[in-house]
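Colleague: Quick one: this structure, given as structure tokens, is what I'll be asking you about.
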Amino acid sequence: MKTAFPFAAALLLFTAVACSKDDAAVDPEGTVSLNMLNYENGGTQLGNMNVRIDSSDNFSCVNCKIAEMGPVSGLSAIDRHIFTNLAPRVAVKEGYGYAVYRDDDIVEFPSGAKAMLADAVYYRMRVESRLTDSETHESMGAHVKYIATRAERYSLPMPGANEYDMSSSNQYWVTGLPLDKIDEMFIDQPLNIEQIGTPEGEMVLISRPNYGDASGYYRLYFRQKDVWSYVTIKILW
């Protein structure tokens, strides 16, 4: 919920980052300009990931992670995924760029590489200036610009779009996969990947244990560059 506030009378906007005409960034289409008040002054929410500014001047969010990308000239400069410094809380810094990802959209593969869910929405944001009380000069939040962006899909299938039924077999060939584009893959336990690729086509041989009840829905995960997707394996008795 956004809280109404008489900004003209009570807030001063201080901009510490100056740009020359050559450095001036053009905002991408769809950019939103927002005055974010911190918790003590109403707690304005950014987008639909519950991103707010806490009383200690940190961006914080629930069920998501934020990556700080350092000083940027504009939102267009935030053109990559950074997963090495993800945190649920990061300091609000004027002139800095950030990216916000849902926790469930980031997966770490066996190699240690992290990737963003293909076609999923994440936020790019930049702190334009601080919001300061005109009388006490205390911080009240920040003026930010942000935009919702969809991750690339590259050659990967849409997440969950393909479902394969191996209910009646202990081994199953998953077909039609762009194996020449896939950098890495793994599968949910207790299923196993037995073979990747055959002379007949781009296929993956999946097996399941001969013991116990393996009923359920499983995922075969793929990574291409910095995005991931999956197909669903169905096993129902």
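All residue names refer to the structure tokens as shown: chains lettered A, B, ... in order, residues numbered from 1 in each chain, ligands numbered from 1 in order.
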Find the spatial neighbours of segment 188-200 of chain A, counting only C-alpha atoms, within a cut-off of 12 Å - ignore same-chain residues fewer than 6 positions away - and output them as an NGL selection string.
Modeller: :A and (109 or 166 or 170-180 or 182 or 206-222 or 230-235)
Colleague: I'd like the contact shell of segment 150-159 of chain A - 6 Å cut-off, only C-alpha atoms, skipping same-chain residues fewer than 5 positions apart - returned as a PyMOL selection string.
Modeller: chain A and resi 118-121+229-230
Colleague: Looking only at the backbone, which of the residues in segment 17-167 of chain A does DSSP tag as strand (DSSP E or B), as a count of residues only?
Modeller: 68
